[in-house]
Every structure is written in C-alpha cells, then in structure tokens.
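Source file: target21.json. Holds: JSON, C-alpha atoms.
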```json
[["chain", "number", "residue", "atom", "x", "y", "z"],
["A", 1, "MET", "CA", 0.00, 0.00, 0.00],
["A", 2, "GLU", "CA", 1.16, 3.48, -0.76],
["A", 3, "GLN", "CA", 2.35, 5.65, 2.15],
["A", 4, "ARG", "CA", -0.27, 8.39, 1.73],
["A", 5, "ALA", "CA", -3.11, 5.89, 1.36],
["A", 6, "PHE", "CA", -1.89, 4.11, 4.50],
["A", 7, "LEU", "CA", -2.05, 7.39, 6.42],
["A", 8, "GLU", "CA", -5.51, 8.30, 5.15],
["A", 9, "ARG", "CA", -6.87, 4.89, 6.08],
["A", 10, "ALA", "CA", -5.28, 5.10, 9.53],
["A", 11, "ILE", "CA", -6.85, 8.53, 10.15],
["A", 12, "GLU", "CA", -10.22, 7.32, 8.95],
["A", 13, "GLN", "CA", -10.23, 4.18, 11.07],
["A", 14, "HIS", "CA", -8.35, 5.30, 14.18],
["A", 15, "GLY", "CA", -8.31, 9.10, 14.15],
["A", 16, "LYS", "CA", -11.26, 9.65, 16.47],
["A", 17, "ALA", "CA", -10.27, 6.89, 18.90],
["A", 18, "THR", "CA", -6.68, 8.16, 19.01],
["A", 19, "TYR", "CA", -7.84, 11.71, 19.65],
["A", 20, "ASN", "CA", -10.12, 10.55, 22.47],
["A", 21, "PHE", "CA", -7.32, 8.45, 23.92],
["A", 22, "ALA", "CA", -5.04, 11.51, 23.82],
["A", 23, "TYR", "CA", -7.79, 13.62, 25.36],
["A", 24, "ARG", "CA", -8.17, 11.20, 28.28],
["A", 25, "LEU", "CA", -4.42, 11.49, 28.90],
["A", 26, "THR", "CA", -4.14, 15.25, 28.63],
["A", 27, "HIS", "CA", -7.63, 16.51, 29.68],
["A", 28, "ASN", "CA", -7.45, 19.36, 27.21],
["A", 29, "GLU", "CA", -8.25, 19.83, 23.54],
["A", 30, "ALA", "CA", -5.13, 21.69, 22.46],
["A", 31, "ASP", "CA", -2.72, 19.11, 23.88],
["A", 32, "ALA", "CA", -4.87, 16.22, 22.61],
["A", 33, "SER", "CA", -4.82, 17.76, 19.12],
["A", 34, "ASP", "CA", -1.04, 18.22, 19.19],
["A", 35, "LEU", "CA", -0.47, 14.67, 20.42],
["A", 36, "THR", "CA", -2.79, 13.18, 17.79],
["A", 37, "GLN", "CA", -1.22, 15.20, 15.00],
["A", 38, "GLU", "CA", 2.34, 14.31, 16.02],
["A", 39, "ALA", "CA", 1.43, 10.63, 16.43],
["A", 40, "PHE", "CA", -0.01, 10.40, 12.90],
["A", 41, "ILE", "CA", 2.99, 12.23, 11.44],
["A", 42, "ARG", "CA", 5.22, 9.61, 13.09],
["A", 43, "VAL", "CA", 3.02, 6.86, 11.71],
["A", 44, "PHE", "CA", 3.43, 8.39, 8.24],
["A", 45, "LYS", "CA", 7.21, 8.53, 8.55],
["A", 46, "ALA", "CA", 7.52, 5.02, 9.97],
["A", 47, "TRP", "CA", 4.73, 3.37, 8.00],
["A", 48, "GLU", "CA", 7.05, 0.70, 6.61],
["A", 49, "SER", "CA", 7.86, -0.54, 10.10],
["A", 50, "PHE", "CA", 4.21, -1.45, 10.73],
["A", 51, "LYS", "CA", 3.76, -5.20, 10.43],
["A", 52, "PRO", "CA", 0.48, -6.22, 8.79],
["A", 53, "GLY", "CA", -1.49, -8.51, 11.07],
["A", 54, "THR", "CA", -0.42, -6.69, 14.25],
["A", 55, "SER", "CA", -2.65, -4.22, 16.04],
["A", 56, "PHE", "CA", -2.45, -0.72, 14.60],
["A", 57, "ARG", "CA", -4.37, 0.60, 17.61],
["A", 58, "SER", "CA", -1.71, -0.72, 20.02],
["A", 59, "TRP", "CA", 0.97, 0.90, 17.90],
["A", 60, "ILE", "CA", -0.55, 4.35, 17.72],
["A", 61, "TYR", "CA", -1.68, 4.32, 21.38],
["A", 62, "ARG", "CA", 1.87, 3.43, 22.31],
["A", 63, "ILE", "CA", 3.19, 6.35, 20.25],
["A", 64, "VAL", "CA", 0.69, 8.71, 21.94],
["A", 65, "THR", "CA", 1.62, 7.39, 25.41],
["A", 66, "ASN", "CA", 5.33, 7.91, 24.75],
["A", 67, "LEU", "CA", 4.84, 11.38, 23.29],
["A", 68, "HIS", "CA", 2.72, 12.33, 26.30],
["A", 69, "ARG", "CA", 5.37, 11.07, 28.73],
["A", 70, "ASP", "CA", 8.09, 13.00, 26.88],
["A", 71, "GLU", "CA", 5.98, 16.14, 26.96],
["A", 72, "LEU", "CA", 5.29, 15.82, 30.69],
["A", 73, "ARG", "CA", 8.99, 15.30, 31.34],
["A", 74, "ARG", "CA", 9.85, 18.35, 29.23],
["A", 75, "ARG", "CA", 7.31, 20.52, 31.05],
["A", 76, "LYS", "CA", 8.44, 19.25, 34.41],
["A", 77, "THR", "CA", 12.04, 20.23, 33.71],
["A", 78, "ARG", "CA", 10.94, 23.56, 32.31],
["A", 79, "TYR", "CA", 8.67, 24.57, 35.17],
["A", 80, "GLN", "CA", 9.88, 22.18, 37.85],
["A", 81, "GLU", "CA", 6.26, 21.29, 38.46],
["A", 82, "GLU", "CA", 3.28, 19.80, 36.67],
["A", 83, "ALA", "CA", 1.27, 22.15, 34.49],
["A", 84, "PRO", "CA", -1.81, 23.40, 36.33],
["A", 85, "PRO", "CA", -5.00, 21.47, 35.50],
["A", 86, "PRO", "CA", -6.99, 23.20, 32.76],
["A", 87, "VAL", "CA", -10.31, 24.84, 33.51],
["A", 88, "GLN", "CA", -13.14, 22.39, 32.88],
["A", 89, "PRO", "CA", -15.42, 23.52, 30.03],
["A", 90, "ILE", "CA", -19.12, 23.85, 30.91],
["A", 91, "GLU", "CA", -20.30, 21.02, 28.57],
["A", 92, "GLU", "CA", -17.86, 18.69, 30.23],
["A", 93, "LEU", "CA", -19.10, 19.72, 33.63],
["A", 94, "ILE", "CA", -22.70, 18.95, 32.59],
["A", 95, "ASP", "CA", -21.64, 15.59, 31.20],
["A", 96, "SER", "CA", -19.82, 14.73, 34.35],
["A", 97, "TYR", "CA", -22.91, 15.45, 36.45],
["A", 98, "LEU", "CA", -24.72, 12.75, 34.51],
["A", 99, "SER", "CA", -22.33, 10.14, 35.77],
["A", 100, "GLU", "CA", -20.96, 11.91, 38.78],
["A", 101, "PRO", "CA", -20.09, 8.88, 40.94],
["A", 102, "VAL", "CA", -18.02, 7.33, 38.16],
["A", 103, "SER", "CA", -16.42, 10.63, 37.28],
["A", 104, "HIS", "CA", -15.62, 11.29, 40.93],
["A", 105, "ALA", "CA", -14.17, 7.80, 41.39],
["A", 106, "LEU", "CA", -12.10, 7.94, 38.20],
["A", 107, "ALA", "CA", -10.61, 11.25, 39.25],
["A", 108, "LYS", "CA", -9.32, 9.65, 42.44],
["A", 109, "LEU", "CA", -7.29, 7.00, 40.61],
["A", 110, "THR", "CA", -3.66, 7.53, 39.71],
["A", 111, "PRO", "CA", -3.09, 8.38, 36.02],
["A", 112, "GLU", "CA", -1.57, 4.90, 35.43],
["A", 113, "GLN", "CA", -4.52, 3.13, 37.06],
["A", 114, "ARG", "CA", -7.02, 5.25, 35.15],
["A", 115, "GLN", "CA", -5.29, 4.58, 31.86],
["A", 116, "ILE", "CA", -5.28, 0.81, 32.38],
["A", 117, "VAL", "CA", -8.91, 0.67, 33.52],
["A", 118, "LEU", "CA", -10.08, 2.70, 30.53],
["A", 119, "LEU", "CA", -8.01, 0.69, 28.06],
["A", 120, "ALA", "CA", -9.49, -2.55, 29.44],
["A", 121, "ASP", "CA", -13.10, -1.48, 29.93],
["A", 122, "VAL", "CA", -13.68, 1.27, 27.38],
["A", 123, "ASP", "CA", -11.30, 0.46, 24.53],
["A", 124, "GLU", "CA", -11.69, -3.27, 25.26],
["A", 125, "CYS", "CA", -7.99, -3.93, 24.75],
["A", 126, "SER", "CA", -6.55, -7.31, 25.74],
["A", 127, "TYR", "CA", -4.16, -7.34, 28.71],
["A", 128, "GLN", "CA", -1.31, -8.09, 26.34],
["A", 129, "GLU", "CA", -2.22, -5.10, 24.20],
["A", 130, "ILE", "CA", -2.39, -2.88, 27.31],
["A", 131, "GLY", "CA", 1.04, -4.13, 28.36],
["A", 132, "ARG", "CA", 2.44, -3.09, 25.00],
["A", 133, "ILE", "CA", 0.79, 0.34, 25.10],
["A", 134, "VAL", "CA", 1.73, 1.19, 28.67],
["A", 135, "GLY", "CA", 5.12, -0.53, 28.54],
["A", 136, "CYS", "CA", 4.75, -3.14, 31.28],
["A", 137, "SER", "CA", 4.18, -6.88, 31.67],
["A", 138, "VAL", "CA", 0.80, -8.62, 31.56],
["A", 139, "GLY", "CA", 1.25, -9.46, 35.26],
["A", 140, "THR", "CA", 1.65, -5.77, 36.10],
["A", 141, "VAL", "CA", -1.42, -4.94, 33.98],
["A", 142, "ARG", "CA", -3.42, -7.55, 35.94],
["A", 143, "SER", "CA", -2.36, -6.33, 39.36],
["A", 144, "ARG", "CA", -2.83, -2.62, 38.54],
["A", 145, "LEU", "CA", -6.20, -3.31, 36.98],
["A", 146, "HIS", "CA", -7.51, -5.30, 39.93],
["A", 147, "ARG", "CA", -6.26, -2.72, 42.40],
["A", 148, "ALA", "CA", -7.85, 0.07, 40.38],
["A", 149, "ARG", "CA", -11.18, -1.70, 40.05],
["A", 150, "GLU", "CA", -11.24, -2.47, 43.75],
["A", 151, "GLN", "CA", -10.68, 1.20, 44.48],
["A", 152, "LEU", "CA", -13.32, 2.20, 41.93],
["A", 153, "ARG", "CA", -15.88, -0.12, 43.52],
["A", 154, "LYS", "CA", -15.21, 1.32, 46.96],
["A", 155, "LEU", "CA", -15.29, 4.93, 45.75],
["A", 156, "VAL", "CA", -18.47, 4.53, 43.72],
["A", 157, "ASN", "CA", -20.24, 2.78, 46.61],
["A", 158, "ARG", "CA", -19.06, 5.37, 49.10],
["A", 159, "TYR", "CA", -20.11, 8.20, 46.81],
["A", 160, "MET", "CA", -23.53, 6.65, 46.19],
["A", 161, "LYS", "CA", -24.10, 6.44, 49.96],
["A", 162, "SER", "CA", -22.94, 9.98, 50.72],
["A", 163, "PRO", "CA", -22.40, 12.16, 47.63],
["A", 164, "SER", "CA", -21.08, 15.08, 49.68],
["B", 1, "MET", "CA", -10.20, -20.38, 41.79],
["B", 2, "ASN", "CA", -11.04, -21.78, 45.19],
["B", 3, "GLU", "CA", -13.10, -24.96, 45.20],
["B", 4, "THR", "CA", -16.44, -23.31, 45.67],
["B", 5, "HIS", "CA", -16.42, -19.77, 44.26],
["B", 6, "PRO", "CA", -14.25, -17.93, 41.76],
["B", 7, "SER", "CA", -12.33, -14.93, 43.10],
["B", 8, "ILE", "CA", -13.37, -11.41, 42.17],
["B", 9, "GLU", "CA", -10.23, -11.17, 39.99],
["B", 10, "GLN", "CA", -11.30, -14.26, 38.08],
["B", 11, "ILE", "CA", -14.77, -12.84, 37.56],
["B", 12, "VAL", "CA", -13.25, -9.62, 36.17],
["B", 13, "GLU", "CA", -10.92, -11.58, 33.91],
["B", 14, "TYR", "CA", -13.84, -13.73, 32.82],
["B", 15, "LEU", "CA", -15.64, -10.55, 31.77],
["B", 16, "HIS", "CA", -12.52, -9.34, 29.99],
["B", 17, "ARG", "CA", -12.13, -12.74, 28.27],
["B", 18, "GLU", "CA", -8.66, -13.14, 29.73],
["B", 19, "LEU", "CA", -9.00, -16.58, 31.33],
["B", 20, "SER", "CA", -7.62, -19.74, 29.80],
["B", 21, "VAL", "CA", -10.17, -21.91, 28.01],
["B", 22, "SER", "CA", -10.48, -24.38, 30.91],
["B", 23, "GLU", "CA", -10.73, -21.65, 33.57],
["B", 24, "ASP", "CA", -13.25, -19.77, 31.47],
["B", 25, "ALA", "CA", -15.40, -22.90, 31.15],
["B", 26, "ALA", "CA", -15.19, -23.56, 34.89],
["B", 27, "VAL", "CA", -16.20, -20.00, 35.84],
["B", 28, "HIS", "CA", -18.96, -20.03, 33.24],
["B", 29, "ALA", "CA", -20.39, -23.28, 34.61],
["B", 30, "HIS", "CA", -20.14, -22.03, 38.17],
["B", 31, "LEU", "CA", -21.94, -18.75, 37.41],
["B", 32, "ALA", "CA", -24.84, -20.67, 35.92],
["B", 33, "THR", "CA", -25.44, -22.44, 39.21],
["B", 34, "CYS", "CA", -24.40, -19.88, 41.86],
["B", 35, "PRO", "CA", -26.69, -16.84, 42.32],
["B", 36, "GLN", "CA", -24.22, -15.27, 44.73],
["B", 37, "CYS", "CA", -21.39, -15.27, 42.17],
["B", 38, "GLU", "CA", -23.78, -14.30, 39.45],
["B", 39, "ARG", "CA", -24.63, -11.18, 41.45],
["B", 40, "ARG", "CA", -20.94, -10.36, 41.85],
["B", 41, "ARG", "CA", -20.52, -10.81, 38.10],
["B", 42, "ASP", "CA", -23.43, -8.44, 37.47],
["B", 43, "GLU", "CA", -21.92, -5.84, 39.82],
["B", 44, "GLU", "CA", -18.62, -6.00, 37.96],
["B", 45, "LEU", "CA", -20.43, -5.79, 34.65],
["B", 46, "ALA", "CA", -22.38, -2.77, 35.90],
["B", 47, "LEU", "CA", -19.14, -1.05, 36.86],
["B", 48, "THR", "CA", -17.69, -1.72, 33.40],
["B", 49, "GLN", "CA", -20.84, -0.46, 31.71],
["B", 50, "ALA", "CA", -20.92, 2.66, 33.87],
["B", 51, "LEU", "CA", -17.30, 3.41, 32.95],
["B", 52, "ARG", "CA", -18.02, 2.81, 29.29],
["B", 53, "ALA", "CA", -21.14, 4.98, 29.31],
["B", 54, "HIS", "CA", -19.35, 7.75, 31.19],
["B", 55, "VAL", "CA", -16.39, 7.87, 28.82],
["B", 56, "ARG", "CA", -18.44, 7.42, 25.64],
["B", 57, "ALA", "CA", -20.75, 10.25, 26.67],
["B", 58, "GLN", "CA", -17.71, 12.50, 26.66],
["B", 59, "GLU", "CA", -16.32, 11.22, 23.40],
["B", 60, "ARG", "CA", -15.36, 13.90, 20.90],
["B", 61, "GLU", "CA", -15.06, 14.05, 17.17],
["B", 62, "LEU", "CA", -11.60, 14.38, 15.73],
["B", 63, "PRO", "CA", -11.23, 18.13, 15.05],
["B", 64, "GLN", "CA", -10.87, 18.90, 11.34],
["B", 65, "GLY", "CA", -7.90, 21.09, 12.13],
["B", 66, "VAL", "CA", -5.99, 18.04, 13.33],
["B", 67, "THR", "CA", -6.57, 16.13, 10.10],
["B", 68, "ALA", "CA", -5.66, 19.21, 8.07],
["B", 69, "GLY", "CA", -2.53, 19.70, 10.19],
["B", 70, "ILE", "CA", -1.40, 16.11, 9.59],
["B", 71, "ARG", "CA", -1.97, 16.40, 5.83],
["B", 72, "HIS", "CA", -0.16, 19.72, 5.69],
["B", 73, "ALA", "CA", 2.80, 18.35, 7.64],
["B", 74, "VAL", "CA", 3.24, 15.31, 5.43],
["B", 75, "GLN", "CA", 2.89, 17.34, 2.21],
["B", 76, "ARG", "CA", 5.76, 19.65, 3.12],
["B", 77, "PRO", "CA", 8.73, 19.10, 0.81],
["B", 78, "THR", "CA", 11.36, 17.27, 2.74],
["B", 79, "SER", "CA", 14.64, 19.06, 3.39],
["B", 80, "PHE", "CA", 17.78, 18.11, 1.49],
["B", 81, "ALA", "CA", 19.38, 16.70, 4.65],
["B", 82, "GLU", "CA", 16.32, 14.56, 5.36],
["B", 83, "THR", "CA", 16.24, 13.19, 1.80],
["B", 84, "PHE", "CA", 19.99, 12.57, 1.88],
["B", 85, "LEU", "CA", 19.85, 10.71, 5.20],
["B", 86, "ARG", "CA", 16.82, 8.67, 4.16],
["B", 87, "GLY", "CA", 18.63, 7.74, 0.92],
["B", 88, "LEU", "CA", 21.67, 6.64, 2.90],
["B", 89, "SER", "CA", 19.59, 4.24, 4.93],
["B", 90, "ARG", "CA", 18.70, 2.25, 1.79],
["B", 91, "PRO", "CA", 21.11, -0.67, 1.15],
["B", 92, "VAL", "CA", 21.30, 0.12, -2.58],
["B", 93, "VAL", "CA", 22.83, 3.48, -1.72],
["B", 94, "ALA", "CA", 24.41, 2.65, 1.61],
["B", 95, "ILE", "CA", 26.71, -0.19, 0.45],
["B", 96, "PRO", "CA", 28.37, 1.71, -2.45],
["B", 97, "ALA", "CA", 28.58, 4.82, -0.25],
["B", 98, "VAL", "CA", 30.38, 2.92, 2.52],
["B", 99, "ALA", "CA", 32.70, 1.34, -0.08],
["B", 100, "ALA", "CA", 33.48, 4.77, -1.55],
["B", 101, "VAL", "CA", 34.21, 6.25, 1.88],
["B", 102, "ALA", "CA", 36.45, 3.27, 2.68],
["B", 103, "ALA", "CA", 38.34, 3.71, -0.61],
["B", 104, "VAL", "CA", 38.82, 7.44, -0.02],
["B", 105, "VAL", "CA", 40.05, 6.80, 3.51],
["B", 106, "TYR", "CA", 42.46, 4.07, 2.36],
["B", 107, "PHE", "CA", 43.92, 5.74, -0.75],
["B", 108, "GLY", "CA", 43.69, 9.24, 0.62],
["B", 109, "GLY", "CA", 45.45, 8.08, 3.76],
["B", 110, "SER", "CA", 48.23, 6.42, 1.77],
["B", 111, "ALA", "CA", 48.72, 9.52, -0.36],
["B", 112, "TRP", "CA", 48.83, 11.72, 2.70],
["B", 113, "TYR", "CA", 51.32, 9.41, 4.35],
["B", 114, "ALA", "CA", 53.48, 9.43, 1.25],
["B", 115, "ALA", "CA", 53.35, 13.21, 1.04],
["B", 116, "SER", "CA", 54.14, 13.76, 4.67],
["B", 117, "ALA", "CA", 56.98, 11.15, 4.83],
["B", 118, "PRO", "CA", 60.47, 12.63, 5.46],
["B", 119, "THR", "CA", 62.76, 13.15, 2.45],
["B", 120, "PRO", "CA", 64.61, 9.90, 1.85],
["B", 121, "ILE", "CA", 68.33, 9.90, 2.61],
["B", 122, "GLU", "CA", 70.52, 8.62, -0.10],
["B", 123, "ALA", "CA", 72.33, 5.36, 0.59],
["B", 124, "SER", "CA", 75.65, 6.95, -0.31],
["B", 125, "PHE", "CA", 75.35, 9.13, 2.80],
["B", 126, "TYR", "CA", 75.56, 6.06, 5.01],
["B", 127, "VAL", "CA", 78.25, 4.43, 2.85],
["B", 128, "ASP", "CA", 80.43, 7.53, 2.99],
["B", 129, "ASN", "CA", 79.95, 7.99, 6.67],
["B", 130, "HIS", "CA", 80.44, 4.33, 7.32],
["B", 131, "ALA", "CA", 83.68, 4.48, 5.36],
["B", 132, "ALA", "CA", 84.79, 7.44, 7.43],
["B", 133, "ALA", "CA", 83.80, 5.82, 10.70],
["B", 134, "ALA", "CA", 85.50, 2.55, 9.77],
["B", 135, "ALA", "CA", 88.76, 4.21, 8.77],
["B", 136, "THR", "CA", 91.58, 3.98, 11.24],
["B", 137, "THR", "CA", 92.75, 7.46, 10.33],
["B", 138, "PRO", "CA", 89.57, 9.15, 9.21],
["B", 139, "LEU", "CA", 91.19, 12.47, 8.39],
["B", 140, "SER", "CA", 94.14, 11.15, 6.42],
["B", 141, "ASP", "CA", 94.37, 12.26, 2.81],
["B", 142, "ASP", "CA", 93.66, 8.75, 1.54],
["B", 143, "GLN", "CA", 90.30, 8.54, 3.23],
["B", 144, "PRO", "CA", 87.18, 10.09, 1.76],
["B", 145, "ILE", "CA", 85.86, 13.09, 3.61],
["B", 146, "PRO", "CA", 82.61, 12.16, 5.43],
["B", 147, "ALA", "CA", 79.66, 13.37, 3.44],
["B", 148, "ALA", "CA", 78.17, 15.00, 6.54],
["B", 149, "LEU", "CA", 81.17, 17.28, 6.85],
["B", 150, "THR", "CA", 81.27, 18.27, 3.20],
["B", 151, "ALA", "CA", 77.52, 18.83, 3.22],
["B", 152, "ASN", "CA", 77.95, 21.26, 6.14],
["B", 153, "ASP", "CA", 80.74, 23.04, 4.31],
["B", 154, "GLU", "CA", 78.59, 23.44, 1.25],
["B", 155, "ALA", "CA", 75.75, 24.72, 3.32],
["B", 156, "ARG", "CA", 77.97, 27.39, 4.76]]
```
Take the structure from the file and write it as structure tokens.
Amino acid sequence: MEQRAFLERAIEQHGKATYNFAYRLTHNEADASDLTQEAFIRVFKAWESFKPGTSFRSWIYRIVTNLHRDELRRRKTRYQEEAPPPVQPIEELIDSYLSEPVSHALAKLTPEQRQIVLLADVDECSYQEIGRIVGCSVGTVRSRLHRAREQLRKLVNRYMKSPS
Amino acid sequence: MNETHPSIEQIVEYLHRELSVSEDAAVHAHLATCPQCERRRDEELALTQALRAHVRAQERELPQGVTAGIRHAVQRPTSFAETFLRGLSRPVVAIPAVAAVAAVVYFGGSAWYAASAPTPIEASFYVDNHAAAAATTPLSDDQPIPAALTANDEAR
C-alpha cells in the first residue's frame, strides 16, 4: 500500500479513537490535538515498520503514550512542576454530572490506574495489548487493573451512599 | 479459583475474556449455578458499563484542524538533509557509499602518508659515513671526507 493511502486509512479508522485516547491522557483539547497530530505524522514517517497482522491501535496508542510522557517530562524540567490542571469547560461539567459517581471515582485513581482501567473497559484492549501500550508486563497490567477496580468499587459505593 | 467460588479477579478476567479456556469454562459453569457469584458478576459488569457509558458520553469528534494539520505536515517538501539521510539508509545506496568512503580513507590516507613522509636519505650518505667511521685514520688524505662534513661546508 502506498504511504499516503496508508495514512488516510489510519486517520479514517483510528483518528477519532486516538484523539479521544489523547484527550483522556491530557484533559485538554489543544494538547490532545497536538499529540494526535504528532502521532499520525510519526506513523506516516515510519509506516514501513508497521507489520500487517499486528494491532495498529496498540501501535498508535503506544506512540501517543510515549509522546505524552516525553511532553510531561519536558514541562516538568521547564517549570519544575506539573502544568496546572486546565479549567473544565461547561459542557464537560454537565456531562460529568450525569455520571458523577463514576467521574468522581475515576478522578481519584492515579493516572496509570485510570489509563489501564479505561483501556481494558472502554477500549476493550486485551491485557497483552495494554502491556504493549503502557510498557509493562501482563502481570503488572493484571495487578494494577484489579487494584484500580477495587478502588473504583469502593469509591463509587461510598459516593452513592454519601455524595457530599 | 477456590473450590467453591471464583475470586473477584477471576470474575473480572472472565468478563474481559482473559481466562484460559479451561478456567473460562469452569467460571462459566459455576456462574450458571451460583446466584451469589452471578450477582458479583453483574456488579462488575455494571461497573464496566458505567465506565463505558461515562467515557463514551464524553467522546469527541476528531477536530478537522488536526486532520488538516497532519496532511499539511506530510505534504511539506522534505529538506535536502532529510532526503539525503533517508537515501543513505537504503542498502542500494548505503553499500556503495560505505565502499566509496572506505576507498577514499584508504587511498587518501596512503597519499597523505606518502606526502608527509620525510625526504629519503641517499644510501651513499651512510656508505660515505660508514667508510669514514670505519677508517683507522679518518682524516688522512687517503680517506674520503665524510659526506656530513662536506655537506655542512657546502651549506655554509
């Protein structure tokens, strides 16, 4: 397949999912857009290294994860602290009220736990695929996932009993 | 799995289709007969569905600007350095290039060595001097004057 056609097909099939994945990592549109754009440019440049029959989604999610880590590291060295959390847009706030207990519980997880839970339950990735994306073993995926779900269960139940 | 009920981890992995075939079959059979475990399975399923619904409700469309940005970036003419380096990475170009560099280094090095080597000394210099050194009376009229001495005289 030609390089440009490969890119167009990748954007068509995985563009939205990749952007949403990037958005869940960054929590803001500008950074999610930059990450998605850079990830697809890398895919274009390295298209020959993609092995047919392997998961394209794992590949591009891995690229996004690595770019995000590099960016956080760069910002940390520049400012010596994490960037302040962006202001939540009003639509997002309304959405979050619809599923407040889940939103509240997810926010309490560590970024690594949240990423693994969402990859397993929302993107429906296999544990092996998650291991490749996050850069850890299947055993680590299992233990982090179970710990995260246990915490989620407790938080959701607690929040349902006393929302304040 | 313990003998009576599967663990919560096994139920989660059953839902994620991560158990081995035999374990999966065992959990499946157990759930069909155990209301208590079935309820735990439903709770886990509800948590998964709540997560999915929450995240999917917030799903966004890929902004058109992103797609346009990608297309613009990949349409940019590549710089000369980029094209040159990419060309070098191809074996068809890389092998002759390496051979050419090796040849230049080898022959160029030899030529440089030859050019920078000290001026050769004629053999007669050593013969004359040896003759002078070997003579019992080096400064007698019969003996040749050492070349080194005559050379100095000429220089002066």
Quiz prompt | chain A contacts on chain B, only C-alpha atoms, 9 Å, as a PyMOL selection string | solution = chain B and resi 8-9+12-13+16-18+44+47-63+65-67+69-71+73-74
Exercise. Quote the spacing between CA of Leu155 in chain A and CA of Glu129 in chain A in Å to one decimal place.
Key: 27.1 Å
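Reported to one decimal place, the separation of CA of Pro6 in chain B from CA of Val27 in chain B is 6.6 Å.
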Quiz item: Distance CA of Asp42 in chain B-CA of Lys108 in chain A, one decimal place?
Solution: 23.5 Å
To box range 33-50 of chain B, take all atoms listed in the file, fit an axis-aligned box, add 3 Å on each side, and give centre and edge lengths in Å to one decimal, as AutoDock Vina command-line options.
```
--center_x -22.2 --center_y -9.9 --center_z 38.2 --size_x 15.0 --size_y 31.1 --size_z 19.0
```
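Among the candidates A:Asp70, A:Asp31, A:Tyr61, A:Phe6, the one nearest to Ala46 in chain A when counting all atoms listed in the file is A:Phe6.
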